[in-house]
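The next block is entry_11.txt, given as compact mmCIF, N, CA and C atoms.
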# COMPACT_ATOMS: atom_id res chain seq x y z
N MET Y 83 42.28 18.89 11.65
CA MET Y 83 41.27 17.98 11.15
C MET Y 83 40.62 18.59 9.91
N ALA Y 84 40.52 17.82 8.86
CA ALA Y 84 39.93 18.29 7.61
C ALA Y 84 38.42 18.42 7.77
N LYS Y 85 37.88 19.42 7.11
CA LYS Y 85 36.44 19.64 7.16
C LYS Y 85 35.76 18.63 6.23
N LEU Y 86 34.73 17.95 6.74
CA LEU Y 86 34.00 16.96 5.96
C LEU Y 86 32.85 17.63 5.21
N SER Y 87 32.63 17.19 3.99
CA SER Y 87 31.50 17.72 3.22
C SER Y 87 30.21 17.06 3.70
N GLN Y 88 29.11 17.62 3.29
CA GLN Y 88 27.81 17.06 3.66
C GLN Y 88 27.67 15.63 3.15
N ASP Y 89 28.16 15.36 1.95
CA ASP Y 89 28.09 14.00 1.39
C ASP Y 89 28.93 13.02 2.21
N ASP Y 90 30.11 13.49 2.68
CA ASP Y 90 30.96 12.63 3.51
C ASP Y 90 30.26 12.31 4.83
N LEU Y 91 29.62 13.31 5.42
CA LEU Y 91 28.90 13.08 6.68
C LEU Y 91 27.75 12.11 6.48
N LEU Y 92 26.99 12.28 5.40
CA LEU Y 92 25.87 11.37 5.13
C LEU Y 92 26.37 9.95 4.91
N ALA Y 93 27.50 9.80 4.25
CA ALA Y 93 28.07 8.47 4.04
C ALA Y 93 28.42 7.83 5.38
N GLN Y 94 28.95 8.63 6.31
CA GLN Y 94 29.27 8.11 7.63
C GLN Y 94 28.00 7.71 8.38
N PHE Y 95 26.96 8.52 8.29
CA PHE Y 95 25.70 8.22 8.98
C PHE Y 95 25.06 6.96 8.41
N GLU Y 96 25.21 6.72 7.12
CA GLU Y 96 24.64 5.53 6.49
C GLU Y 96 25.22 4.25 7.08
N GLU Y 97 26.47 4.32 7.48
CA GLU Y 97 27.14 3.14 8.01
C GLU Y 97 26.79 2.87 9.47
N MET Y 98 26.16 3.84 10.15
CA MET Y 98 25.85 3.70 11.57
C MET Y 98 24.54 2.94 11.76
N THR Y 99 24.45 2.22 12.88
CA THR Y 99 23.19 1.59 13.24
C THR Y 99 22.28 2.68 13.80
N LEU Y 100 21.01 2.37 13.93
CA LEU Y 100 20.08 3.36 14.48
C LEU Y 100 20.42 3.71 15.92
N ILE Y 101 20.90 2.75 16.67
CA ILE Y 101 21.27 3.01 18.07
C ILE Y 101 22.46 3.96 18.11
N GLU Y 102 23.46 3.72 17.27
CA GLU Y 102 24.62 4.60 17.22
C GLU Y 102 24.21 6.00 16.78
N LEU Y 103 23.33 6.09 15.81
CA LEU Y 103 22.86 7.38 15.33
C LEU Y 103 22.07 8.12 16.41
N SER Y 104 21.26 7.39 17.15
CA SER Y 104 20.50 7.99 18.24
C SER Y 104 21.44 8.54 19.31
N GLU Y 105 22.48 7.78 19.65
CA GLU Y 105 23.46 8.24 20.64
C GLU Y 105 24.19 9.47 20.14
N PHE Y 106 24.51 9.50 18.84
CA PHE Y 106 25.17 10.67 18.26
C PHE Y 106 24.28 11.90 18.37
N VAL Y 107 23.00 11.74 18.05
CA VAL Y 107 22.07 12.87 18.10
C VAL Y 107 21.98 13.40 19.53
N LYS Y 108 21.91 12.51 20.51
CA LYS Y 108 21.85 12.95 21.92
C LYS Y 108 23.11 13.71 22.30
N ALA Y 109 24.27 13.21 21.90
CA ALA Y 109 25.53 13.89 22.21
C ALA Y 109 25.59 15.26 21.52
N PHE Y 110 25.11 15.32 20.27
CA PHE Y 110 25.08 16.58 19.52
C PHE Y 110 24.18 17.59 20.23
N GLU Y 111 23.01 17.14 20.68
CA GLU Y 111 22.07 18.02 21.39
C GLU Y 111 22.70 18.57 22.66
N GLU Y 112 23.38 17.70 23.41
CA GLU Y 112 23.99 18.14 24.66
C GLU Y 112 25.14 19.11 24.40
N LYS Y 113 25.98 18.80 23.44
CA LYS Y 113 27.16 19.64 23.17
C LYS Y 113 26.76 21.03 22.72
N PHE Y 114 25.77 21.15 21.83
CA PHE Y 114 25.41 22.43 21.26
C PHE Y 114 24.13 23.02 21.85
N ASP Y 115 23.55 22.33 22.86
CA ASP Y 115 22.35 22.79 23.54
C ASP Y 115 21.23 23.12 22.54
N VAL Y 116 20.93 22.15 21.68
CA VAL Y 116 19.87 22.29 20.67
C VAL Y 116 18.98 21.05 20.69
N THR Y 117 17.85 21.17 20.00
CA THR Y 117 16.98 20.03 19.79
C THR Y 117 17.12 19.64 18.33
N ALA Y 118 17.37 18.36 18.07
CA ALA Y 118 17.66 17.91 16.71
C ALA Y 118 16.47 17.23 16.07
N ALA Y 119 15.28 17.79 16.21
CA ALA Y 119 14.10 17.17 15.60
C ALA Y 119 14.27 17.07 14.09
N ALA Y 120 14.79 18.10 13.45
CA ALA Y 120 14.99 18.06 12.01
C ALA Y 120 16.08 17.05 11.65
N ALA Y 121 17.11 16.92 12.46
CA ALA Y 121 18.19 15.98 12.17
C ALA Y 121 17.69 14.55 12.22
N VAL Y 122 16.76 14.25 13.09
CA VAL Y 122 16.19 12.91 13.16
C VAL Y 122 15.41 12.62 11.89
N ALA Y 123 14.67 13.61 11.40
CA ALA Y 123 13.90 13.42 10.17
C ALA Y 123 14.84 13.18 8.99
N VAL Y 124 15.99 13.86 8.96
CA VAL Y 124 16.95 13.67 7.90
C VAL Y 124 17.56 12.28 7.98
N ALA Y 125 17.71 11.76 9.17
CA ALA Y 125 18.33 10.46 9.35
C ALA Y 125 17.42 9.32 8.91
N GLY Y 126 16.14 9.56 8.78
CA GLY Y 126 15.19 8.53 8.41
C GLY Y 126 15.53 7.79 7.13
N PRO Y 127 15.87 8.48 6.02
CA PRO Y 127 16.16 7.78 4.78
C PRO Y 127 17.38 6.87 4.86
N ALA Y 128 18.26 7.05 5.82
CA ALA Y 128 19.44 6.21 5.95
C ALA Y 128 19.07 4.76 6.23
N GLN Y 129 17.83 4.49 6.64
CA GLN Y 129 17.40 3.14 6.94
C GLN Y 129 17.43 2.25 5.70
N GLY Y 130 17.38 2.82 4.51
CA GLY Y 130 17.37 2.04 3.30
C GLY Y 130 18.72 1.42 2.98
N GLY Y 131 19.78 1.82 3.67
CA GLY Y 131 21.12 1.33 3.42
C GLY Y 131 21.37 -0.01 4.08
N PRO Y 132 22.63 -0.36 4.25
CA PRO Y 132 22.98 -1.65 4.84
C PRO Y 132 22.47 -1.82 6.27
N ALA Y 133 22.24 -0.73 6.97
CA ALA Y 133 21.78 -0.82 8.36
C ALA Y 133 20.33 -1.29 8.46
N ALA Y 134 19.62 -1.38 7.34
CA ALA Y 134 18.21 -1.75 7.36
C ALA Y 134 18.01 -3.15 7.95
N GLU Y 135 18.98 -4.02 7.81
CA GLU Y 135 18.85 -5.37 8.34
C GLU Y 135 18.88 -5.38 9.86
N GLN Y 136 19.50 -4.37 10.47
CA GLN Y 136 19.65 -4.32 11.90
C GLN Y 136 18.55 -3.50 12.58
N VAL Y 137 17.62 -2.95 11.82
CA VAL Y 137 16.58 -2.09 12.34
C VAL Y 137 15.61 -2.88 13.21
N GLU Y 138 15.33 -2.33 14.38
CA GLU Y 138 14.34 -2.94 15.25
C GLU Y 138 12.95 -2.59 14.72
N GLU Y 139 11.95 -3.32 15.19
CA GLU Y 139 10.60 -3.05 14.74
C GLU Y 139 10.17 -1.66 15.18
N GLN Y 140 9.60 -0.92 14.27
CA GLN Y 140 9.19 0.46 14.53
C GLN Y 140 7.97 0.47 15.45
N ASP Y 141 7.99 1.34 16.47
CA ASP Y 141 6.86 1.41 17.38
C ASP Y 141 6.20 2.79 17.39
N GLU Y 142 6.75 3.73 16.65
CA GLU Y 142 6.15 5.05 16.53
C GLU Y 142 5.96 5.36 15.05
N PHE Y 143 4.78 5.86 14.71
CA PHE Y 143 4.44 6.10 13.31
C PHE Y 143 3.95 7.53 13.12
N ASP Y 144 4.12 8.05 11.92
CA ASP Y 144 3.60 9.34 11.53
C ASP Y 144 2.51 9.13 10.48
N VAL Y 145 1.41 9.85 10.62
CA VAL Y 145 0.33 9.79 9.64
C VAL Y 145 0.44 11.08 8.82
N ILE Y 146 0.73 10.92 7.53
CA ILE Y 146 0.96 12.08 6.66
C ILE Y 146 -0.16 12.19 5.64
N LEU Y 147 -0.80 13.34 5.64
CA LEU Y 147 -1.87 13.62 4.69
C LEU Y 147 -1.24 14.04 3.37
N GLU Y 148 -1.44 13.25 2.33
CA GLU Y 148 -0.85 13.52 1.02
C GLU Y 148 -1.76 14.41 0.16
N GLY Y 149 -3.07 14.28 0.33
CA GLY Y 149 -4.01 15.08 -0.45
C GLY Y 149 -5.41 14.93 0.10
N ALA Y 150 -6.24 15.95 -0.10
CA ALA Y 150 -7.59 15.94 0.47
C ALA Y 150 -8.59 15.24 -0.43
N GLY Y 151 -8.30 15.12 -1.71
CA GLY Y 151 -9.26 14.49 -2.61
C GLY Y 151 -10.44 15.41 -2.90
N ASP Y 152 -11.58 14.81 -3.27
CA ASP Y 152 -12.75 15.59 -3.66
C ASP Y 152 -13.55 16.09 -2.46
N LYS Y 153 -13.43 15.42 -1.33
CA LYS Y 153 -14.26 15.76 -0.16
C LYS Y 153 -13.42 16.49 0.89
N LYS Y 154 -12.97 17.67 0.53
CA LYS Y 154 -12.07 18.44 1.38
C LYS Y 154 -12.70 18.78 2.74
N ILE Y 155 -13.96 19.12 2.75
CA ILE Y 155 -14.64 19.49 4.00
C ILE Y 155 -14.68 18.30 4.95
N GLN Y 156 -14.98 17.10 4.41
CA GLN Y 156 -15.00 15.89 5.24
C GLN Y 156 -13.61 15.61 5.83
N VAL Y 157 -12.58 15.82 5.02
CA VAL Y 157 -11.21 15.58 5.48
C VAL Y 157 -10.86 16.57 6.59
N ILE Y 158 -11.26 17.82 6.44
CA ILE Y 158 -11.01 18.83 7.49
C ILE Y 158 -11.69 18.40 8.79
N LYS Y 159 -12.91 17.90 8.69
CA LYS Y 159 -13.62 17.45 9.89
C LYS Y 159 -12.87 16.30 10.58
N VAL Y 160 -12.38 15.36 9.79
CA VAL Y 160 -11.65 14.23 10.36
C VAL Y 160 -10.35 14.70 10.99
N VAL Y 161 -9.65 15.63 10.34
CA VAL Y 161 -8.41 16.18 10.90
C VAL Y 161 -8.69 16.84 12.24
N ARG Y 162 -9.79 17.56 12.34
CA ARG Y 162 -10.15 18.21 13.61
C ARG Y 162 -10.46 17.17 14.68
N GLU Y 163 -11.10 16.06 14.30
CA GLU Y 163 -11.39 14.99 15.26
C GLU Y 163 -10.11 14.33 15.77
N LEU Y 164 -9.15 14.15 14.89
CA LEU Y 164 -7.92 13.45 15.24
C LEU Y 164 -6.94 14.33 16.03
N THR Y 165 -7.04 15.63 15.84
CA THR Y 165 -6.12 16.56 16.49
C THR Y 165 -6.92 17.54 17.33
N SER Y 166 -6.22 18.41 18.00
CA SER Y 166 -6.89 19.46 18.78
C SER Y 166 -6.86 20.78 18.03
N LEU Y 167 -6.76 20.71 16.71
CA LEU Y 167 -6.68 21.93 15.90
C LEU Y 167 -8.05 22.58 15.73
N GLY Y 168 -8.03 23.88 15.60
CA GLY Y 168 -9.24 24.62 15.30
C GLY Y 168 -9.55 24.51 13.82
N LEU Y 169 -10.66 25.10 13.43
CA LEU Y 169 -11.10 25.01 12.03
C LEU Y 169 -10.07 25.59 11.07
N LYS Y 170 -9.55 26.79 11.37
CA LYS Y 170 -8.60 27.44 10.47
C LYS Y 170 -7.30 26.64 10.37
N GLU Y 171 -6.81 26.15 11.51
CA GLU Y 171 -5.57 25.39 11.51
C GLU Y 171 -5.73 24.07 10.74
N ALA Y 172 -6.88 23.41 10.94
CA ALA Y 172 -7.14 22.16 10.23
C ALA Y 172 -7.24 22.41 8.72
N LYS Y 173 -7.90 23.50 8.34
CA LYS Y 173 -8.03 23.85 6.92
C LYS Y 173 -6.66 24.15 6.32
N ASP Y 174 -5.83 24.90 7.06
CA ASP Y 174 -4.48 25.21 6.59
C ASP Y 174 -3.65 23.94 6.41
N LEU Y 175 -3.80 23.00 7.33
CA LEU Y 175 -3.08 21.73 7.23
C LEU Y 175 -3.51 20.97 5.98
N VAL Y 176 -4.81 20.90 5.75
CA VAL Y 176 -5.34 20.18 4.58
C VAL Y 176 -4.92 20.89 3.29
N ASP Y 177 -4.93 22.23 3.29
CA ASP Y 177 -4.54 22.98 2.10
C ASP Y 177 -3.04 22.85 1.80
N GLY Y 178 -2.24 22.65 2.83
CA GLY Y 178 -0.79 22.62 2.66
C GLY Y 178 -0.20 21.24 2.53
N THR Y 179 -0.97 20.28 2.02
CA THR Y 179 -0.48 18.91 1.92
C THR Y 179 0.72 18.83 0.99
N PRO Y 180 1.63 17.92 1.18
CA PRO Y 180 1.65 16.88 2.20
C PRO Y 180 2.12 17.42 3.55
N LYS Y 181 1.39 17.07 4.59
CA LYS Y 181 1.70 17.50 5.95
C LYS Y 181 1.40 16.36 6.92
N PRO Y 182 2.17 16.25 8.01
CA PRO Y 182 1.85 15.25 9.02
C PRO Y 182 0.63 15.66 9.83
N VAL Y 183 -0.30 14.74 10.02
CA VAL Y 183 -1.48 14.98 10.84
C VAL Y 183 -1.17 14.54 12.27
N LEU Y 184 -0.61 13.36 12.41
CA LEU Y 184 -0.20 12.83 13.71
C LEU Y 184 1.25 12.39 13.61
N GLU Y 185 2.01 12.63 14.68
CA GLU Y 185 3.41 12.23 14.69
C GLU Y 185 3.70 11.39 15.93
N LYS Y 186 4.53 10.37 15.72
CA LYS Y 186 5.00 9.51 16.81
C LYS Y 186 3.85 8.92 17.63
N VAL Y 187 2.92 8.27 16.92
CA VAL Y 187 1.81 7.61 17.59
C VAL Y 187 1.96 6.10 17.44
N ALA Y 188 1.23 5.36 18.26
CA ALA Y 188 1.28 3.90 18.21
C ALA Y 188 0.72 3.40 16.87
N LYS Y 189 1.10 2.19 16.51
CA LYS Y 189 0.70 1.61 15.23
C LYS Y 189 -0.82 1.56 15.09
N GLU Y 190 -1.51 1.14 16.15
CA GLU Y 190 -2.98 1.04 16.09
C GLU Y 190 -3.62 2.40 15.86
N ALA Y 191 -3.13 3.42 16.58
CA ALA Y 191 -3.67 4.77 16.42
C ALA Y 191 -3.40 5.30 15.02
N ALA Y 192 -2.23 5.02 14.49
CA ALA Y 192 -1.88 5.47 13.14
C ALA Y 192 -2.78 4.81 12.11
N GLU Y 193 -3.03 3.51 12.28
CA GLU Y 193 -3.88 2.79 11.32
C GLU Y 193 -5.32 3.29 11.38
N LYS Y 194 -5.83 3.53 12.58
CA LYS Y 194 -7.20 4.05 12.72
C LYS Y 194 -7.32 5.43 12.09
N ALA Y 195 -6.33 6.29 12.34
CA ALA Y 195 -6.35 7.64 11.78
C ALA Y 195 -6.30 7.58 10.26
N ALA Y 196 -5.45 6.71 9.72
CA ALA Y 196 -5.33 6.58 8.26
C ALA Y 196 -6.64 6.08 7.66
N GLU Y 197 -7.28 5.11 8.33
CA GLU Y 197 -8.57 4.60 7.84
C GLU Y 197 -9.63 5.70 7.84
N SER Y 198 -9.67 6.49 8.91
CA SER Y 198 -10.65 7.57 9.00
C SER Y 198 -10.44 8.59 7.89
N LEU Y 199 -9.19 8.96 7.64
CA LEU Y 199 -8.88 9.94 6.60
C LEU Y 199 -9.20 9.37 5.21
N LYS Y 200 -8.86 8.10 5.01
CA LYS Y 200 -9.15 7.49 3.70
C LYS Y 200 -10.66 7.38 3.47
N ALA Y 201 -11.41 7.09 4.53
CA ALA Y 201 -12.87 7.01 4.42
C ALA Y 201 -13.46 8.36 4.04
N ALA Y 202 -12.79 9.44 4.46
CA ALA Y 202 -13.26 10.78 4.14
C ALA Y 202 -12.83 11.21 2.74
N GLY Y 203 -12.00 10.39 2.07
CA GLY Y 203 -11.61 10.69 0.70
C GLY Y 203 -10.18 11.20 0.55
N ALA Y 204 -9.41 11.20 1.62
CA ALA Y 204 -8.03 11.71 1.56
C ALA Y 204 -7.06 10.61 1.16
N SER Y 205 -5.92 11.02 0.63
CA SER Y 205 -4.84 10.07 0.41
C SER Y 205 -3.84 10.25 1.55
N VAL Y 206 -3.45 9.12 2.15
CA VAL Y 206 -2.67 9.15 3.39
C VAL Y 206 -1.51 8.18 3.29
N THR Y 207 -0.40 8.54 3.94
CA THR Y 207 0.76 7.67 4.06
C THR Y 207 1.09 7.51 5.54
N VAL Y 208 1.37 6.28 5.95
CA VAL Y 208 1.80 6.03 7.33
C VAL Y 208 3.27 5.64 7.26
N LYS Y 209 4.10 6.39 7.98
CA LYS Y 209 5.55 6.11 7.98
C LYS Y 209 5.98 5.80 9.38

Rewritten as C-alpha cells:
Amino acid sequence: MAKLSQDDLLAQFEEMTLIELSEFVKAFEEKFDVTAAAAVAVAGPAQGGPAAEQVEEQDEFDVILEGAGDKKIQVIKVVRELTSLGLKEAKDLVDGTPKPVLEKVAKEAAEKAAESLKAAGASVTVK
C-alpha cells in the first residue's frame, strides 16, 4: 500500500460526512489507544467543504477569548466567574489570547459567557 501524504489524507477527510469522520476517529482511538482531541479540532475546518450541507445542527460550542481590550482586570474577573480558574491561571489565559475560555458548552451558556466577556470589554468568538 502506498503511503498517503498529509494533503491526500485531508482530501479524503473533506469528502467524509461528520458521522463518518466521527466513526473514523473512534476507530483510530481504539486501534492506537490514544485520545484524538487534537484530531477533532483539525477536522473542524473540513465543514466548509461539500459536507457542509449534510451537517447537523451544532449543539456544543466553544467560547474563545480573542483579546482582553482596555479593561483587562474586568475580563480576568469574568473569566474567573465563568471557570474554576484561580487568579494566576485566569490572568495567564487572558494574556495568552486567543484561548478558549469554555469548551463544548450548550448554546445558551456560550451566548451568556460571550455577552459577559463582551460587557467586560473583551473580544470573543463563539464556535

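Across the model, the gap from CA of Ala93 in chain Y to CA of Glu112 in chain Y is 23.1 Å.
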
Suppose you want the space between atom C of Val187 in chain Y and atom C of Asp141 in chain Y; what is it in Å?
-> 5.4 Å

Nearest residue to Gly203 in chain Y from the set Y:Leu92, Y:Lys153, Y:Ala84, Y:Arg162 (distances using all atoms listed in the file) | Y:Lys153

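Residue nearest Pro182 in chain Y within the list Y:Val116, Y:Ile146, Y:Glu105, Y:Glu97: Y:Ile146 [criterion: smallest interatomic distance, all atoms listed in the file].
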
List every protein, DNA or RNA residue that has an atom no more than 6.5 Å from (-9.8, 13.8, -2.3) in the file's coordinate frame, counting all atoms listed in the file, and report them as a count of residues only.
-> 10

Can you list, as a ChimeraX atom specification, all residues belonging to chain Y that DSSP tags as strand (DSSP E)?
-> /Y:143-149,181-187,205-208

Restricting it to N, CA and C atoms, dump the selection as a PDB file, in the coordinates of the input.
ATOM      1  N   PHE Y 143       4.780   5.860  14.710  1.00  0.00           N
ATOM      2  CA  PHE Y 143       4.440   6.100  13.310  1.00  0.00           C
ATOM      3  C   PHE Y 143       3.950   7.530  13.120  1.00  0.00           C
ATOM      4  N   ASP Y 144       4.120   8.050  11.920  1.00  0.00           N
ATOM      5  CA  ASP Y 144       3.600   9.340  11.530  1.00  0.00           C
ATOM      6  C   ASP Y 144       2.510   9.130  10.480  1.00  0.00           C
ATOM      7  N   VAL Y 145       1.410   9.850  10.620  1.00  0.00           N
ATOM      8  CA  VAL Y 145       0.330   9.790   9.640  1.00  0.00           C
ATOM      9  C   VAL Y 145       0.440  11.080   8.820  1.00  0.00           C
ATOM     10  N   ILE Y 146       0.730  10.920   7.530  1.00  0.00           N
ATOM     11  CA  ILE Y 146       0.960  12.080   6.660  1.00  0.00           C
ATOM     12  C   ILE Y 146      -0.160  12.190   5.640  1.00  0.00           C
ATOM     13  N   LEU Y 147      -0.800  13.340   5.640  1.00  0.00           N
ATOM     14  CA  LEU Y 147      -1.870  13.620   4.690  1.00  0.00           C
ATOM     15  C   LEU Y 147      -1.240  14.040   3.370  1.00  0.00           C
ATOM     16  N   GLU Y 148      -1.440  13.250   2.330  1.00  0.00           N
ATOM     17  CA  GLU Y 148      -0.850  13.520   1.020  1.00  0.00           C
ATOM     18  C   GLU Y 148      -1.760  14.410   0.160  1.00  0.00           C
ATOM     19  N   GLY Y 149      -3.070  14.280   0.330  1.00  0.00           N
ATOM     20  CA  GLY Y 149      -4.010  15.080  -0.450  1.00  0.00           C
ATOM     21  C   GLY Y 149      -5.410  14.930   0.100  1.00  0.00           C
ATOM     22  N   LYS Y 181       1.390  17.070   4.590  1.00  0.00           N
ATOM     23  CA  LYS Y 181       1.700  17.500   5.950  1.00  0.00           C
ATOM     24  C   LYS Y 181       1.400  16.360   6.920  1.00  0.00           C
ATOM     25  N   PRO Y 182       2.170  16.250   8.010  1.00  0.00           N
ATOM     26  CA  PRO Y 182       1.850  15.250   9.020  1.00  0.00           C
ATOM     27  C   PRO Y 182       0.630  15.660   9.830  1.00  0.00           C
ATOM     28  N   VAL Y 183      -0.300  14.740  10.020  1.00  0.00           N
ATOM     29  CA  VAL Y 183      -1.480  14.980  10.840  1.00  0.00           C
ATOM     30  C   VAL Y 183      -1.170  14.540  12.270  1.00  0.00           C
ATOM     31  N   LEU Y 184      -0.610  13.360  12.410  1.00  0.00           N
ATOM     32  CA  LEU Y 184      -0.200  12.830  13.710  1.00  0.00           C
ATOM     33  C   LEU Y 184       1.250  12.390  13.610  1.00  0.00           C
ATOM     34  N   GLU Y 185       2.010  12.630  14.680  1.00  0.00           N
ATOM     35  CA  GLU Y 185       3.410  12.230  14.690  1.00  0.00           C
ATOM     36  C   GLU Y 185       3.700  11.390  15.930  1.00  0.00           C
ATOM     37  N   LYS Y 186       4.530  10.370  15.720  1.00  0.00           N
ATOM     38  CA  LYS Y 186       5.000   9.510  16.810  1.00  0.00           C
ATOM     39  C   LYS Y 186       3.850   8.920  17.630  1.00  0.00           C
ATOM     40  N   VAL Y 187       2.920   8.270  16.920  1.00  0.00           N
ATOM     41  CA  VAL Y 187       1.810   7.610  17.590  1.00  0.00           C
ATOM     42  C   VAL Y 187       1.960   6.100  17.440  1.00  0.00           C
ATOM     43  N   SER Y 205      -5.920  11.020   0.630  1.00  0.00           N
ATOM     44  CA  SER Y 205      -4.840  10.070   0.410  1.00  0.00           C
ATOM     45  C   SER Y 205      -3.840  10.250   1.550  1.00  0.00           C
ATOM     46  N   VAL Y 206      -3.450   9.120   2.150  1.00  0.00           N
ATOM     47  CA  VAL Y 206      -2.670   9.150   3.390  1.00  0.00           C
ATOM     48  C   VAL Y 206      -1.510   8.180   3.290  1.00  0.00           C
ATOM     49  N   THR Y 207      -0.400   8.540   3.940  1.00  0.00           N
ATOM     50  CA  THR Y 207       0.760   7.670   4.060  1.00  0.00           C
ATOM     51  C   THR Y 207       1.090   7.510   5.540  1.00  0.00           C
ATOM     52  N   VAL Y 208       1.370   6.280   5.950  1.00  0.00           N
ATOM     53  CA  VAL Y 208       1.800   6.030   7.330  1.00  0.00           C
ATOM     54  C   VAL Y 208       3.270   5.640   7.260  1.00  0.00           C
TER      55      VAL Y 208
END

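Put simply, CA of Glu197 in chain Y is 10.4 Å away from CA of Val160 in chain Y.
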
Just list the residues in chain Y DSSP gives helix (DSSP H, G or I) on the backbone, as a VMD selection string.
-> chain Y and resid 88 to 97 100 to 114 119 to 130 132 to 136 154 to 164 169 to 177 189 to 201

Surrounding residues of Ala192 in chain Y excluding itself and chain neighbours under 5 positions, 8 Å, only C-alpha atoms, as number ranges by chain = Y: 143-145, 184, 187, 208
